[in-house]
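A.B. asks: My structure is stored as protein-v4.cif, with mmCIF, C-alpha atoms.
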data_my_file
loop_
_atom_site.label_atom_id
_atom_site.label_comp_id
_atom_site.auth_asym_id
_atom_site.auth_seq_id
_atom_site.Cartn_x
_atom_site.Cartn_y
_atom_site.Cartn_z
CA PRO G 1 -58.00 113.25 56.34
CA VAL G 2 -58.86 112.22 52.79
CA SER G 3 -62.53 113.07 53.35
CA GLN G 4 -61.70 116.77 52.94
CA PHE G 5 -61.22 116.13 49.22
CA SER G 6 -64.29 115.32 47.15
CA THR G 7 -62.50 114.14 43.99
CA ALA G 8 -59.41 112.23 42.92
CA ILE G 9 -56.17 113.19 44.66
CA SER G 10 -52.54 112.60 43.82
CA LEU G 11 -49.82 112.92 46.44
CA THR G 12 -46.21 113.11 45.29
CA VAL G 13 -43.24 112.97 47.64
CA THR G 14 -39.77 113.27 46.16
CA THR G 15 -36.33 113.45 47.71
CA ALA G 16 -34.41 116.57 46.74
CA LYS G 17 -30.69 117.22 46.86
CA PRO G 18 -29.43 118.37 50.28
CA GLU G 19 -28.22 121.60 48.64
CA VAL G 20 -31.84 122.74 48.39
CA VAL G 21 -31.55 123.40 52.14
CA THR G 22 -27.80 123.53 52.82
CA SER G 23 -27.45 126.41 50.34
CA VAL G 24 -29.56 128.62 52.65
CA THR G 25 -28.31 127.52 56.09
CA LYS G 26 -25.30 126.12 57.91
CA LEU G 27 -27.54 124.16 60.30
CA LYS G 28 -27.02 120.40 60.37
CA LEU G 29 -29.48 118.26 58.42
CA ALA G 30 -31.03 115.37 60.35
CA SER G 31 -33.08 114.01 57.43
CA ASP G 32 -33.28 114.04 53.68
CA VAL G 33 -34.96 117.00 51.98
CA TYR G 34 -38.49 116.11 50.90
CA GLU G 35 -40.71 117.91 48.43
CA PHE G 36 -44.46 117.36 48.80
CA THR G 37 -47.07 118.09 46.13
CA LEU G 38 -50.80 117.40 46.31
CA SER G 39 -53.11 117.60 43.30
CA VAL G 40 -56.89 117.45 43.47
CA ASN G 41 -58.53 116.60 40.16
CA GLY G 42 -55.25 117.44 38.43
CA VAL G 43 -54.92 120.88 40.06
CA VAL G 44 -52.03 121.46 42.48
CA GLN G 45 -53.33 122.54 45.89
CA SER G 46 -51.26 124.86 48.06
CA THR G 47 -53.44 124.83 51.19
CA PHE G 48 -55.79 122.34 52.84
CA LYS G 49 -58.85 122.75 55.03
CA GLN G 50 -57.52 120.18 57.51
CA PRO G 51 -53.83 119.52 58.22
CA ILE G 52 -52.08 116.56 56.68
CA THR G 53 -49.58 114.90 59.01
CA ILE G 54 -46.10 114.34 57.62
CA LYS G 55 -43.71 111.87 59.23
CA LEU G 56 -40.10 112.41 58.22
CA PRO G 57 -37.48 109.70 58.88
CA LEU G 58 -34.40 110.92 60.72
CA LYS G 59 -30.84 110.10 59.69
CA ASN G 60 -27.39 111.33 60.60
CA THR G 61 -28.43 112.25 64.16
CA ASP G 62 -25.19 111.14 65.86
CA GLY G 63 -23.90 114.03 67.94
CA LEU G 64 -27.06 116.09 67.44
CA ASP G 65 -29.26 117.35 70.26
CA LYS G 66 -32.58 115.65 69.48
CA GLU G 67 -34.56 118.15 71.57
CA LEU G 68 -33.43 120.85 69.13
CA LEU G 69 -34.61 119.03 66.01
CA SER G 70 -37.27 120.89 64.08
CA VAL G 71 -39.02 120.60 60.73
CA GLY G 72 -37.78 123.36 58.46
CA LYS G 73 -40.03 124.53 55.63
CA LEU G 74 -38.39 126.21 52.67
CA VAL G 75 -40.28 129.40 51.79
CA TYR G 76 -38.93 131.69 49.08
CA GLY G 77 -35.35 130.62 49.76
CA ASP G 78 -35.61 130.96 53.53
CA LEU G 79 -36.25 128.39 56.27
CA GLN G 80 -39.24 128.65 58.58
CA PHE G 81 -39.15 126.35 61.58
CA GLN G 82 -42.38 124.49 62.17
CA GLY G 83 -41.57 122.36 65.21
CA GLY G 84 -42.45 118.70 65.14
CA VAL G 85 -42.69 115.91 67.67
CA LEU G 86 -40.06 113.20 67.95
CA ASP G 87 -41.48 109.71 67.44
CA GLY G 88 -38.63 107.21 67.61
CA ASP G 89 -36.59 107.64 64.44
CA PHE G 90 -39.14 110.03 62.92
CA ILE G 91 -40.36 113.57 63.44
CA VAL G 92 -44.09 114.16 62.99
CA GLU G 93 -45.68 117.48 62.07
CA PRO G 94 -49.18 118.43 60.85
CA ARG G 95 -49.09 120.78 57.84
CA ASP G 96 -51.88 122.68 56.09
CA THR G 97 -49.59 123.63 53.20
CA PHE G 98 -46.95 121.70 51.28
CA SER G 99 -43.46 122.73 50.28
CA SER G 100 -39.92 121.39 50.69
CA TYR G 101 -39.23 120.11 54.20
CA ALA G 102 -36.23 118.81 56.11
CA VAL G 103 -35.37 118.14 59.74
CA LEU G 104 -32.54 120.24 61.12
CA GLU G 105 -30.81 120.77 64.44
CA ASN G 106 -31.85 124.36 65.11
CA LYS G 107 -29.50 125.70 67.78
CA VAL G 108 -30.82 129.12 68.77
CA SER G 109 -28.99 131.25 71.30
CA PHE G 110 -29.73 134.58 72.91
CA ASN G 111 -27.07 136.79 74.49
CA ASP G 112 -29.30 138.34 77.17
CA ILE G 113 -30.66 135.35 79.14
CA ALA G 114 -27.88 134.92 81.72
CA ALA G 115 -30.20 136.08 84.55
CA VAL G 116 -32.72 133.32 83.76
CA GLN G 117 -30.33 130.68 82.38
CA ALA G 118 -30.44 128.44 85.47
CA TRP G 119 -34.20 127.94 85.50
CA ALA G 120 -35.35 128.80 81.94
CA GLY G 121 -32.34 128.70 79.62
CA ARG G 122 -32.84 125.22 78.24
CA GLN G 123 -36.60 125.68 77.81
CA ILE G 124 -36.06 128.95 75.93
CA GLN G 125 -33.56 127.20 73.64
CA VAL G 126 -35.89 124.26 72.90
CA VAL G 127 -38.97 126.41 72.26
CA ALA G 128 -36.92 128.73 70.03
CA ALA G 129 -35.57 125.71 68.11
CA LYS G 130 -39.15 124.68 67.32
CA GLY G 131 -39.95 128.16 65.97
CA ALA G 132 -42.52 129.03 68.64
CA ILE G 133 -40.49 132.04 69.81
CA GLU G 134 -37.96 134.17 67.97
CA GLY G 135 -36.84 136.74 70.50
CA VAL G 136 -36.82 140.46 69.79
CA GLY G 137 -34.02 140.51 67.20
CA ALA G 138 -30.25 141.03 67.20
CA GLY G 139 -29.69 137.89 69.32
CA LYS G 140 -31.83 139.18 72.16
CA PHE G 141 -34.70 137.47 73.95
CA ALA G 142 -35.70 140.17 76.48
CA PRO G 143 -36.60 137.66 79.21
CA LYS G 144 -38.00 140.31 81.57
CA SER G 145 -40.23 142.04 79.01
CA ASN G 146 -44.00 141.74 78.98
CA VAL G 147 -45.54 139.50 76.31
CA THR G 148 -48.04 141.19 74.01
CA ARG G 149 -51.34 139.64 72.98
CA ALA G 150 -49.93 139.19 69.46
CA GLU G 151 -46.77 137.44 70.69
CA PHE G 152 -48.76 135.18 73.01
CA SER G 153 -51.11 134.22 70.17
CA LYS G 154 -48.21 133.27 67.92
CA MET G 155 -46.51 131.23 70.66
CA LEU G 156 -49.74 129.40 71.48
CA ILE G 157 -50.57 128.63 67.85
CA ARG G 158 -47.03 127.39 67.10
CA ALA G 159 -46.66 125.38 70.31
CA LEU G 160 -49.99 123.60 69.90
CA ASN G 161 -49.69 123.08 66.09
CA LEU G 162 -52.84 125.09 65.42
CA GLU G 163 -51.62 126.97 62.35
CA ASN G 164 -54.31 127.22 59.71
CA ASN G 165 -53.61 129.38 56.67
CA SER G 166 -57.27 129.39 55.65
CA ALA G 167 -58.52 130.61 59.05
CA VAL G 168 -59.96 134.11 59.20
CA GLN G 169 -59.79 136.51 62.10
CA SER G 170 -62.46 139.00 63.05
CA PHE G 171 -60.78 141.31 65.55
CA SER G 172 -61.44 144.95 64.70
CA ASP G 173 -57.98 145.95 65.94
CA VAL G 174 -56.07 143.35 63.89
CA SER G 175 -55.18 144.01 60.26
CA SER G 176 -55.46 140.92 58.04
CA THR G 177 -51.90 141.58 56.82
CA ALA G 178 -50.32 141.76 60.29
CA TRP G 179 -47.72 139.06 61.14
CA TYR G 180 -49.90 137.90 64.05
CA ALA G 181 -53.25 137.85 62.20
#
Show how you would write the structure in this file as structure tokens.
C.D. replies:
Amino acid sequence: PVSQFSTAISLTVTTAKPEVVTSVTKLKLASDVYEFTLSVNGVVQSTFKQPITIKLPLKNTDGLDKELLSVGKLVYGDLQFQGGVLDGDFIVEPRDTFSSYAVLENKVSFNDIAAVQAWAGRQIQVVAAKGAIEGVGAGKFAPKSNVTRAEFSKMLIRALNLENNSAVQSFSDVSSTAWYA
């Protein structure tokens, strides 16, 4: 929403070389790499009060599993998967920060889900591809473990696209620097 800005804005979207992303991952690109910059009154803004929806056109999707497509955000030379919703030949994702973005087929696998594969395997793979879950590390998901309040909060926020970098928490038992804050 433009109304969140009280002065002149300038939005710049440029296409970057694929190597910006392919140099940090072997995952298959399903779009170009886009770099977004927003300036308000000539000053580059890194966060917004309200999310701005980006809609990235897909390409080269032959042979890719479209359910596993996710928006990847380049952060300090690493990819963070943000999710996104398929809309025809586009993927749509609300963002409250700008960076370099691309759509990738994010095939995530866990080596300890055989007991739940029949009824939950595909769902685990799709939700992991979108970045809403990451497992417990070392290729493990721990499907029979309890979910902590922190893990549930992260899953809920990611799954419902509620991330807001300017939000503040006020829980006395949560440090502002914790990964789940």
A.B. asks: Contacts of segment 88-98 of chain G at 6 Å or less, counting only C-alpha atoms, minus same-chain residues fewer than 4 places along, as a PDB file with C-alpha atoms, keeping the file's coordinate frame?
C.D. replies:
ATOM      1  CA  PHE G  36     -44.460 117.360  48.800  1.00  0.00           C
ATOM      2  CA  SER G  46     -51.260 124.860  48.060  1.00  0.00           C
ATOM      3  CA  THR G  47     -53.440 124.830  51.190  1.00  0.00           C
ATOM      4  CA  PHE G  48     -55.790 122.340  52.840  1.00  0.00           C
ATOM      5  CA  PRO G  51     -53.830 119.520  58.220  1.00  0.00           C
ATOM      6  CA  ILE G  52     -52.080 116.560  56.680  1.00  0.00           C
ATOM      7  CA  THR G  53     -49.580 114.900  59.010  1.00  0.00           C
ATOM      8  CA  ILE G  54     -46.100 114.340  57.620  1.00  0.00           C
ATOM      9  CA  LYS G  55     -43.710 111.870  59.230  1.00  0.00           C
ATOM     10  CA  LEU G  56     -40.100 112.410  58.220  1.00  0.00           C
ATOM     11  CA  PRO G  57     -37.480 109.700  58.880  1.00  0.00           C
ATOM     12  CA  LEU G  58     -34.400 110.920  60.720  1.00  0.00           C
ATOM     13  CA  GLY G  84     -42.450 118.700  65.140  1.00  0.00           C
TER      14      GLY G  84
END
A.B. asks: Could you list, as a PyMOL selection string, every residue within 12 Å of segment 151-164 of chain G, counting all atoms listed in the file and ignoring same-chain residues fewer than 4 positions away?
C.D. replies: chain G and resi 47-53+80-85+92-97+124+126-136+145-147+168-169+178-181
A.B. asks: For segment 102-112 of chain G, list every protein, DNA or RNA residue within 8 Å, evaluated using only C-alpha atoms, and leave out those in the same chain fewer than 5 positions away; present the list as number ranges by chain.
C.D. replies: G: 21, 27-34, 56, 58, 64-66, 68-73, 91, 125, 128-130, 135, 139-143
A.B. asks: Can you tell me how far atom CA of Ser99 of chain G sits from atom CA of Lys17 of chain G, in Å to one decimal?
C.D. replies: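 Spanning atom CA of Ser99 of chain G to atom CA of Lys17 of chain G is a straight-line distance of 14.3 Å.
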